[in-house]
>>> print(open('my_file-v2.csv').read())   # CSV, N, CA and C atoms
chain,number,residue,atom,x,y,z
I,12,MET,N,66.2,5.7,33.0
I,12,MET,CA,64.9,5.4,33.3
I,12,MET,C,63.9,6.6,33.0
I,13,ALA,N,64.4,7.7,33.1
I,13,ALA,CA,63.7,8.9,32.8
I,13,ALA,C,63.4,9.0,31.3
I,14,ASP,N,64.3,8.4,30.5
I,14,ASP,CA,64.1,8.4,29.1
I,14,ASP,C,62.9,7.5,28.7
I,15,GLU,N,62.9,6.3,29.4
I,15,GLU,CA,61.8,5.4,29.2
I,15,GLU,C,60.5,6.0,29.5
I,16,GLU,N,60.3,6.7,30.6
I,16,GLU,CA,59.1,7.3,30.9
I,16,GLU,C,58.6,8.3,29.9
I,17,VAL,N,59.6,9.1,29.4
I,17,VAL,CA,59.3,10.1,28.4
I,17,VAL,C,58.8,9.4,27.1
I,18,ASN,N,59.5,8.4,26.7
I,18,ASN,CA,59.2,7.6,25.5
I,18,ASN,C,57.8,7.0,25.7
I,19,GLY,N,57.5,6.5,26.8
I,19,GLY,CA,56.2,5.8,27.1
I,19,GLY,C,55.1,6.9,27.0
I,20,ASP,N,55.3,8.1,27.5
I,20,ASP,CA,54.3,9.1,27.4
I,20,ASP,C,54.2,9.5,26.0
I,21,THR,N,55.2,9.6,25.2
I,21,THR,CA,55.2,10.0,23.8
I,21,THR,C,54.4,9.0,23.0
I,22,ASP,N,54.6,7.7,23.3
I,22,ASP,CA,53.8,6.6,22.7
I,22,ASP,C,52.3,6.8,22.9
I,23,ASP,N,52.0,7.1,24.2
I,23,ASP,CA,50.6,7.3,24.6
I,23,ASP,C,49.9,8.4,23.8
I,24,ILE,N,50.7,9.5,23.7
I,24,ILE,CA,50.2,10.7,23.0
I,24,ILE,C,50.0,10.4,21.6
I,25,GLN,N,51.0,9.7,21.0
I,25,GLN,CA,50.9,9.3,19.6
I,25,GLN,C,49.7,8.4,19.3
I,26,LEU,N,49.4,7.5,20.2
I,26,LEU,CA,48.2,6.6,20.1
I,26,LEU,C,46.9,7.4,20.2
I,27,GLU,N,46.9,8.4,21.1
I,27,GLU,CA,45.7,9.2,21.2
I,27,GLU,C,45.5,10.0,19.9
I,28,LYS,N,46.6,10.5,19.3
I,28,LYS,CA,46.5,11.3,18.1
I,28,LYS,C,46.0,10.4,16.9
I,29,ASP,N,46.5,9.2,16.9
I,29,ASP,CA,46.0,8.2,15.9
I,29,ASP,C,44.5,8.0,16.0
I,30,LYS,N,44.1,7.7,17.2
I,30,LYS,CA,42.6,7.5,17.5
I,30,LYS,C,41.8,8.7,17.0
I,31,THR,N,42.3,9.9,17.4
I,31,THR,CA,41.6,11.1,17.0
I,31,THR,C,41.5,11.2,15.5
I,32,GLN,N,42.6,10.9,14.8
I,32,GLN,CA,42.6,11.0,13.4
I,32,GLN,C,41.7,10.0,12.7
I,33,LYS,N,41.6,8.8,13.3
I,33,LYS,CA,40.8,7.7,12.8
I,33,LYS,C,39.3,8.1,13.0
I,34,LYS,N,39.0,8.7,14.1
I,34,LYS,CA,37.6,9.2,14.4
I,34,LYS,C,37.2,10.3,13.4
I,35,ALA,N,38.2,11.2,13.1
I,35,ALA,CA,37.9,12.3,12.2
I,35,ALA,C,37.7,11.7,10.8
I,36,ALA,N,38.5,10.8,10.4
I,36,ALA,CA,38.4,10.2,9.1
I,36,ALA,C,37.1,9.4,9.0
I,37,LYS,N,36.7,8.7,10.0
I,37,LYS,CA,35.4,8.0,10.0
I,37,LYS,C,34.2,9.0,9.9
I,38,HIS,N,34.4,10.1,10.6
I,38,HIS,CA,33.3,11.1,10.6
I,38,HIS,C,33.2,11.7,9.2
I,39,ASP,N,34.4,12.0,8.6
I,39,ASP,CA,34.4,12.6,7.3
I,39,ASP,C,33.8,11.6,6.3
I,40,SER,N,34.0,10.3,6.5
I,40,SER,CA,33.5,9.3,5.6
I,40,SER,C,32.0,9.3,5.7
I,41,GLY,N,31.5,9.4,6.9
I,41,GLY,CA,30.0,9.4,7.2
I,41,GLY,C,29.4,10.6,6.5
I,42,VAL,N,30.1,11.8,6.6
I,42,VAL,CA,29.5,13.0,6.0
I,42,VAL,C,29.5,12.8,4.5
I,43,ALA,N,30.5,12.2,3.9
I,43,ALA,CA,30.6,12.0,2.5
I,43,ALA,C,29.4,11.1,2.1
I,44,ASP,N,29.2,10.0,2.8
I,44,ASP,CA,28.1,9.1,2.5
I,44,ASP,C,26.7,9.8,2.6
I,45,LEU,N,26.6,10.6,3.6
I,45,LEU,CA,25.3,11.4,3.8
I,45,LEU,C,25.1,12.4,2.6
I,46,GLU,N,26.2,13.0,2.2
I,46,GLU,CA,26.1,13.9,1.0
I,46,GLU,C,25.7,13.1,-0.2
I,47,LYS,N,26.2,11.9,-0.4
I,47,LYS,CA,25.8,11.1,-1.6
I,47,LYS,C,24.3,10.8,-1.6
I,48,VAL,N,23.8,10.4,-0.4
I,48,VAL,CA,22.4,10.1,-0.3
I,48,VAL,C,21.6,11.4,-0.5
I,49,THR,N,22.0,12.5,0.0
I,49,THR,CA,21.3,13.7,-0.2
I,49,THR,C,21.2,14.1,-1.7
I,50,ASP,N,22.4,14.0,-2.3
I,50,ASP,CA,22.4,14.3,-3.8
I,50,ASP,C,21.5,13.3,-4.6
I,51,TYR,N,21.5,12.1,-4.2
I,51,TYR,CA,20.7,11.1,-4.9
I,51,TYR,C,19.2,11.5,-4.7
I,52,ALA,N,18.8,11.8,-3.5
I,52,ALA,CA,17.5,12.2,-3.1
I,52,ALA,C,17.0,13.4,-3.9
I,53,GLU,N,17.9,14.4,-4.0
I,53,GLU,CA,17.6,15.6,-4.8
I,53,GLU,C,17.4,15.3,-6.3
I,54,GLU,N,18.2,14.4,-6.8
I,54,GLU,CA,18.0,14.0,-8.2
I,54,GLU,C,16.7,13.3,-8.4
I,55,LYS,N,16.2,12.5,-7.4
I,55,LYS,CA,15.0,11.7,-7.5
I,55,LYS,C,13.7,12.5,-7.1
I,56,GLU,N,13.8,13.7,-6.7
I,56,GLU,CA,12.7,14.5,-6.2
I,56,GLU,C,11.6,14.5,-7.3
I,57,ILE,N,10.4,14.4,-6.8
I,57,ILE,CA,9.2,14.3,-7.7
I,57,ILE,C,8.8,15.8,-7.9
I,58,SER,N,8.6,16.1,-9.2
I,58,SER,CA,8.1,17.5,-9.4
I,58,SER,C,6.6,17.5,-9.2
I,59,SER,N,6.1,18.7,-8.9
I,59,SER,CA,4.7,18.9,-8.7
I,59,SER,C,3.9,18.5,-9.9
I,60,GLN,N,4.5,18.7,-11.1
I,60,GLN,CA,3.8,18.3,-12.3
I,60,GLN,C,3.6,16.8,-12.4
I,61,ASP,N,4.6,16.0,-11.9
I,61,ASP,CA,4.4,14.6,-11.9
I,61,ASP,C,3.4,14.2,-10.9
I,62,ILE,N,3.3,14.8,-9.8
I,62,ILE,CA,2.3,14.5,-8.8
I,62,ILE,C,0.9,14.8,-9.3
I,63,SER,N,0.8,16.0,-9.9
I,63,SER,CA,-0.6,16.3,-10.4
I,63,SER,C,-1.0,15.4,-11.5
I,64,GLY,N,-0.1,14.9,-12.3
I,64,GLY,CA,-0.4,14.0,-13.3
I,64,GLY,C,-0.8,12.6,-12.8
I,65,ALA,N,-0.1,12.2,-11.7
I,65,ALA,CA,-0.4,10.9,-11.1
I,65,ALA,C,-1.8,11.0,-10.4
I,66,LEU,N,-2.1,12.1,-9.8
I,66,LEU,CA,-3.4,12.3,-9.1
I,66,LEU,C,-4.5,12.3,-10.1
I,67,SER,N,-4.3,12.9,-11.3
I,67,SER,CA,-5.3,13.0,-12.3
I,67,SER,C,-5.6,11.6,-12.8
I,68,LEU,N,-4.5,10.8,-13.0
I,68,LEU,CA,-4.7,9.4,-13.4
I,68,LEU,C,-5.5,8.6,-12.4
I,69,ILE,N,-5.2,8.8,-11.2
I,69,ILE,CA,-6.0,8.1,-10.1
I,69,ILE,C,-7.4,8.5,-10.1
I,70,GLY,N,-7.7,9.8,-10.2
I,70,GLY,CA,-9.0,10.3,-10.3
I,70,GLY,C,-9.8,9.8,-11.5
I,71,ASP,N,-9.1,9.7,-12.6
I,71,ASP,CA,-9.8,9.2,-13.8
I,71,ASP,C,-10.1,7.7,-13.7
I,72,ARG,N,-9.2,7.0,-13.1
I,72,ARG,CA,-9.4,5.6,-12.8
I,72,ARG,C,-10.6,5.3,-11.9
I,73,ARG,N,-10.7,6.1,-10.8
I,73,ARG,CA,-11.8,6.0,-9.9
I,73,ARG,C,-13.1,6.4,-10.6
I,74,ASN,N,-13.1,7.4,-11.4
I,74,ASN,CA,-14.3,7.8,-12.1
I,74,ASN,C,-14.8,6.7,-13.0
I,75,LYS,N,-13.8,6.1,-13.7
I,75,LYS,CA,-14.2,5.0,-14.6
I,75,LYS,C,-14.8,3.8,-13.9
I,76,GLU,N,-14.1,3.4,-12.7
I,76,GLU,CA,-14.7,2.3,-11.9
I,76,GLU,C,-16.1,2.7,-11.4
I,77,ALA,N,-16.3,3.9,-11.0
I,77,ALA,CA,-17.6,4.3,-10.5
I,77,ALA,C,-18.6,4.2,-11.6
I,78,ALA,N,-18.3,4.6,-12.8
I,78,ALA,CA,-19.2,4.5,-13.9
I,78,ALA,C,-19.5,3.0,-14.2
I,79,GLU,N,-18.5,2.2,-14.1
I,79,GLU,CA,-18.7,0.7,-14.4
I,79,GLU,C,-19.7,0.1,-13.3
I,80,ARG,N,-19.5,0.5,-12.1
I,80,ARG,CA,-20.3,0.0,-11.0
I,80,ARG,C,-21.8,0.5,-11.2
I,81,LEU,N,-21.9,1.7,-11.6
I,81,LEU,CA,-23.2,2.3,-11.8
I,81,LEU,C,-23.9,1.6,-13.0
I,82,GLU,N,-23.2,1.3,-14.0
I,82,GLU,CA,-23.7,0.5,-15.2
I,82,GLU,C,-24.1,-0.9,-14.8
I,83,LYS,N,-23.3,-1.5,-14.0
I,83,LYS,CA,-23.6,-2.9,-13.5
I,83,LYS,C,-24.9,-2.8,-12.7
I,84,GLU,N,-25.0,-1.8,-11.8
I,84,GLU,CA,-26.2,-1.7,-11.0
I,84,GLU,C,-27.5,-1.5,-11.8
I,85,LYS,N,-27.4,-0.7,-12.9
I,85,LYS,CA,-28.5,-0.5,-13.8
I,85,LYS,C,-28.9,-1.8,-14.5
I,86,GLU,N,-27.8,-2.6,-14.9
I,86,GLU,CA,-28.1,-3.9,-15.5
I,86,GLU,C,-28.8,-4.9,-14.6
I,87,LEU,N,-28.3,-4.9,-13.3
I,87,LEU,CA,-28.9,-5.8,-12.3
I,87,LEU,C,-30.4,-5.4,-12.0
I,88,GLN,N,-30.7,-4.1,-12.1
I,88,GLN,CA,-32.0,-3.6,-11.8
I,88,GLN,C,-33.0,-4.1,-12.9
I,89,LYS,N,-32.5,-4.3,-14.1
I,89,LYS,CA,-33.3,-4.8,-15.2
I,89,LYS,C,-33.7,-6.2,-15.1
I,90,VAL,N,-33.0,-7.0,-14.3
I,90,VAL,CA,-33.3,-8.4,-14.1
I,90,VAL,C,-34.5,-8.6,-13.2
I,91,SER,N,-35.5,-9.4,-13.7
I,91,SER,CA,-36.7,-9.6,-12.9
I,91,SER,C,-36.5,-10.8,-12.0
I,92,VAL,N,-36.8,-10.7,-10.8
I,92,VAL,CA,-36.7,-11.9,-9.8
I,92,VAL,C,-38.1,-12.1,-9.2
I,93,LYS,N,-38.3,-13.3,-8.8
I,93,LYS,CA,-39.6,-13.6,-8.1
I,93,LYS,C,-39.5,-13.3,-6.6
I,94,LYS,N,-40.5,-12.8,-6.0
I,94,LYS,CA,-40.5,-12.5,-4.6
I,94,LYS,C,-40.5,-13.8,-3.8
I,95,ASP,N,-41.1,-14.8,-4.3
I,95,ASP,CA,-41.0,-16.1,-3.6
I,95,ASP,C,-39.6,-16.6,-3.5
I,96,ASP,N,-38.8,-16.4,-4.6
I,96,ASP,CA,-37.4,-16.9,-4.6
I,96,ASP,C,-36.6,-16.1,-3.5
I,97,ILE,N,-36.8,-14.8,-3.5
I,97,ILE,CA,-36.2,-14.0,-2.5
I,97,ILE,C,-36.5,-14.4,-1.1
I,98,GLU,N,-37.8,-14.6,-0.8
I,98,GLU,CA,-38.2,-15.1,0.5
I,98,GLU,C,-37.6,-16.4,0.9
I,99,LEU,N,-37.5,-17.3,-0.1
I,99,LEU,CA,-36.9,-18.6,0.1
I,99,LEU,C,-35.5,-18.5,0.5
I,100,ILE,N,-34.7,-17.7,-0.2
I,100,ILE,CA,-33.3,-17.4,0.1
I,100,ILE,C,-33.1,-16.8,1.5
I,101,VAL,N,-34.0,-15.8,1.8
I,101,VAL,CA,-33.9,-15.1,3.1
I,101,VAL,C,-34.2,-16.1,4.2
I,102,LYS,N,-35.2,-16.9,4.1
I,102,LYS,CA,-35.6,-17.9,5.1
I,102,LYS,C,-34.6,-19.0,5.3
I,103,GLU,N,-34.1,-19.6,4.2
I,103,GLU,CA,-33.2,-20.7,4.3
I,103,GLU,C,-31.8,-20.4,4.6
I,104,MET,N,-31.3,-19.2,4.1
I,104,MET,CA,-29.9,-18.9,4.3
I,104,MET,C,-29.7,-17.9,5.5
I,105,GLU,N,-30.8,-17.4,6.0
I,105,GLU,CA,-30.8,-16.4,7.1
I,105,GLU,C,-29.9,-15.3,6.8
I,106,ILE,N,-30.1,-14.6,5.7
I,106,ILE,CA,-29.4,-13.4,5.2
I,106,ILE,C,-30.4,-12.3,5.0
I,107,SER,N,-29.8,-11.1,4.8
I,107,SER,CA,-30.7,-10.0,4.6
I,107,SER,C,-31.4,-10.0,3.3
I,108,ARG,N,-32.5,-9.3,3.2
I,108,ARG,CA,-33.3,-9.3,2.0
I,108,ARG,C,-32.6,-8.7,0.8
I,109,THR,N,-31.8,-7.6,1.1
I,109,THR,CA,-31.1,-7.0,0.0
I,109,THR,C,-30.0,-7.9,-0.6
I,110,LEU,N,-29.3,-8.6,0.3
I,110,LEU,CA,-28.2,-9.5,-0.2
I,110,LEU,C,-28.8,-10.7,-1.0
I,111,ALA,N,-30.0,-11.2,-0.5
I,111,ALA,CA,-30.6,-12.3,-1.2
I,111,ALA,C,-31.1,-11.8,-2.6
I,112,GLU,N,-31.7,-10.6,-2.7
I,112,GLU,CA,-32.1,-10.0,-3.9
I,112,GLU,C,-31.0,-9.8,-4.9
I,113,ARG,N,-29.9,-9.2,-4.4
I,113,ARG,CA,-28.7,-8.9,-5.2
I,113,ARG,C,-28.1,-10.1,-5.8
I,114,THR,N,-27.9,-11.2,-4.9
I,114,THR,CA,-27.4,-12.4,-5.4
I,114,THR,C,-28.3,-13.1,-6.5
I,115,LEU,N,-29.5,-13.0,-6.2
I,115,LEU,CA,-30.5,-13.6,-7.2
I,115,LEU,C,-30.4,-12.8,-8.5
I,116,ARG,N,-30.3,-11.5,-8.5
I,116,ARG,CA,-30.2,-10.7,-9.7
I,116,ARG,C,-28.8,-10.9,-10.4
I,117,GLU,N,-27.8,-11.1,-9.6
I,117,GLU,CA,-26.5,-11.4,-10.2
I,117,GLU,C,-26.5,-12.7,-11.0
I,118,HIS,N,-27.3,-13.6,-10.6
I,118,HIS,CA,-27.5,-14.9,-11.3
I,118,HIS,C,-28.7,-15.0,-12.2
I,119,ARG,N,-29.1,-13.8,-12.6
I,119,ARG,CA,-30.2,-13.6,-13.6
I,119,ARG,C,-31.5,-14.4,-13.2
I,120,GLY,N,-31.8,-14.4,-11.9
I,120,GLY,CA,-33.0,-15.0,-11.4
I,120,GLY,C,-32.9,-16.5,-11.2
I,121,ASP,N,-31.7,-17.1,-11.4
I,121,ASP,CA,-31.5,-18.5,-11.3
I,121,ASP,C,-31.4,-18.9,-9.8
I,122,LEU,N,-32.4,-19.4,-9.2
I,122,LEU,CA,-32.5,-19.7,-7.8
I,122,LEU,C,-31.4,-20.7,-7.3
I,123,VAL,N,-31.2,-21.7,-8.1
I,123,VAL,CA,-30.2,-22.8,-7.7
I,123,VAL,C,-28.8,-22.2,-7.7
I,124,ALA,N,-28.5,-21.4,-8.8
I,124,ALA,CA,-27.1,-20.8,-8.9
I,124,ALA,C,-26.9,-19.9,-7.7
I,125,ALA,N,-27.9,-19.1,-7.4
I,125,ALA,CA,-27.8,-18.1,-6.3
I,125,ALA,C,-27.5,-18.9,-5.0
I,126,LEU,N,-28.3,-19.9,-4.7
I,126,LEU,CA,-28.1,-20.7,-3.5
I,126,LEU,C,-26.7,-21.4,-3.4
I,127,ILE,N,-26.3,-21.9,-4.6
I,127,ILE,CA,-24.9,-22.5,-4.6
I,127,ILE,C,-23.9,-21.4,-4.2
I,128,THR,N,-24.0,-20.2,-4.8
I,128,THR,CA,-23.0,-19.2,-4.6
I,128,THR,C,-23.1,-18.8,-3.1
I,129,LEU,N,-24.2,-18.7,-2.5
I,129,LEU,CA,-24.3,-18.3,-1.1
I,129,LEU,C,-23.8,-19.4,-0.1
I,130,THR,N,-23.9,-20.6,-0.5
I,130,THR,CA,-23.4,-21.7,0.4
I,130,THR,C,-21.9,-21.9,0.2
I,131,ASN,N,-21.3,-21.4,-0.8
I,131,ASN,CA,-19.8,-21.6,-1.0
I,131,ASN,C,-19.1,-20.4,-0.4
>>> encode(input="my_file-v2.csv", output="structure tokens")
Amino acid sequence: MADEEVNGDTDDIQLEKDKTQKKAAKHDSGVADLEKVTDYAEEKEISSQDISGALSLIGDRRNKEAAERLEKEKELQKVSVKKDDIELIVKEMEISRTLAERTLREHRGDLVAALITLTN
């Protein structure tokens, strides 16, 4: 009977060692996976030159859009509109004078087209 108790204790100790080894292997696997991710991230790092290139592209695009808006505003200012048409839109649609004038200018002074746009 004493032999059985010793063997039982040995089995318990062996099970604990196996669990500890499995945990260590699992931990080592996690470390290896983390190392792979870190290596991948280091390979994919963006250089400062790439960032400055991207920022300059964005800046150029914004400047181009601003110039286009300014050009559009200049074109709209050239369109002549009647004050009576603006007053009619303001009164009937209950909108601001600037919005009424802008919409009328966008439609080249066409009152009907401006009203249709505002109602849709």
>>> atom_distance(input="my_file-v2.csv", atom1="CA of Gln88 (chain I)", atom2="CA of Ala111 (chain I)")
13.8 Å
>>> atom_distance(input="my_file-v2.csv", atom1="CA of Lys85 (chain I)", atom2="CA of Arg72 (chain I)")
20.1 Å
>>> atom_distance(input="my_file-v2.csv", atom1="CA of Arg119 (chain I)", atom2="CA of Ala77 (chain I)")
22.1 Å
>>> residues_around(input="my_file-v2.csv", residues="Met104 (chain I)", least_positions_apart="6", cutoff="8 Å", atoms="all atoms listed in the file", output="VMD selection string")
chain I and resid 98 129 to 130
>>> write_last_selection(input="my_file-v2.csv", atoms="N, CA and C atoms", output="tab-separated table (two decimals), in the frame of the given file")
chain	number	residue	atom	x	y	z
I	98	GLU	N	-37.80	-14.60	-0.80
I	98	GLU	CA	-38.20	-15.10	0.50
I	98	GLU	C	-37.60	-16.40	0.90
I	129	LEU	N	-24.20	-18.70	-2.50
I	129	LEU	CA	-24.30	-18.30	-1.10
I	129	LEU	C	-23.80	-19.40	-0.10
I	130	THR	N	-23.90	-20.60	-0.50
I	130	THR	CA	-23.40	-21.70	0.40
I	130	THR	C	-21.90	-21.90	0.20
>>> residues_around(input="my_file-v2.csv", residues="Val90 (chain I)", least_positions_apart="2", cutoff="8 Å", atoms="all atoms listed in the file", output="list in words")
Lys85, Glu86, Leu87, Gln88, Val92, Lys93, Leu115, Arg116, Glu117, Arg119 and Gly120 of chain I
>>> write_last_selection(input="my_file-v2.csv", atoms="N, CA and C atoms", output="compact mmCIF listing (two decimals), in the frame of the given file")
# COMPACT_ATOMS: atom_id res chain seq x y z
N LYS I 85 -27.40 -0.70 -12.90
CA LYS I 85 -28.50 -0.50 -13.80
C LYS I 85 -28.90 -1.80 -14.50
N GLU I 86 -27.80 -2.60 -14.90
CA GLU I 86 -28.10 -3.90 -15.50
C GLU I 86 -28.80 -4.90 -14.60
N LEU I 87 -28.30 -4.90 -13.30
CA LEU I 87 -28.90 -5.80 -12.30
C LEU I 87 -30.40 -5.40 -12.00
N GLN I 88 -30.70 -4.10 -12.10
CA GLN I 88 -32.00 -3.60 -11.80
C GLN I 88 -33.00 -4.10 -12.90
N VAL I 92 -36.80 -10.70 -10.80
CA VAL I 92 -36.70 -11.90 -9.80
C VAL I 92 -38.10 -12.10 -9.20
N LYS I 93 -38.30 -13.30 -8.80
CA LYS I 93 -39.60 -13.60 -8.10
C LYS I 93 -39.50 -13.30 -6.60
N LEU I 115 -29.50 -13.00 -6.20
CA LEU I 115 -30.50 -13.60 -7.20
C LEU I 115 -30.40 -12.80 -8.50
N ARG I 116 -30.30 -11.50 -8.50
CA ARG I 116 -30.20 -10.70 -9.70
C ARG I 116 -28.80 -10.90 -10.40
N GLU I 117 -27.80 -11.10 -9.60
CA GLU I 117 -26.50 -11.40 -10.20
C GLU I 117 -26.50 -12.70 -11.00
N ARG I 119 -29.10 -13.80 -12.60
CA ARG I 119 -30.20 -13.60 -13.60
C ARG I 119 -31.50 -14.40 -13.20
N GLY I 120 -31.80 -14.40 -11.90
CA GLY I 120 -33.00 -15.00 -11.40
C GLY I 120 -32.90 -16.50 -11.20
>>> closest_residue(input="my_file-v2.csv", among="I:Ile62, I:Val42, I:Leu126, I:Ala78", to="Ile100 (chain I)", atoms="only N, CA and C atoms")
I:Leu126
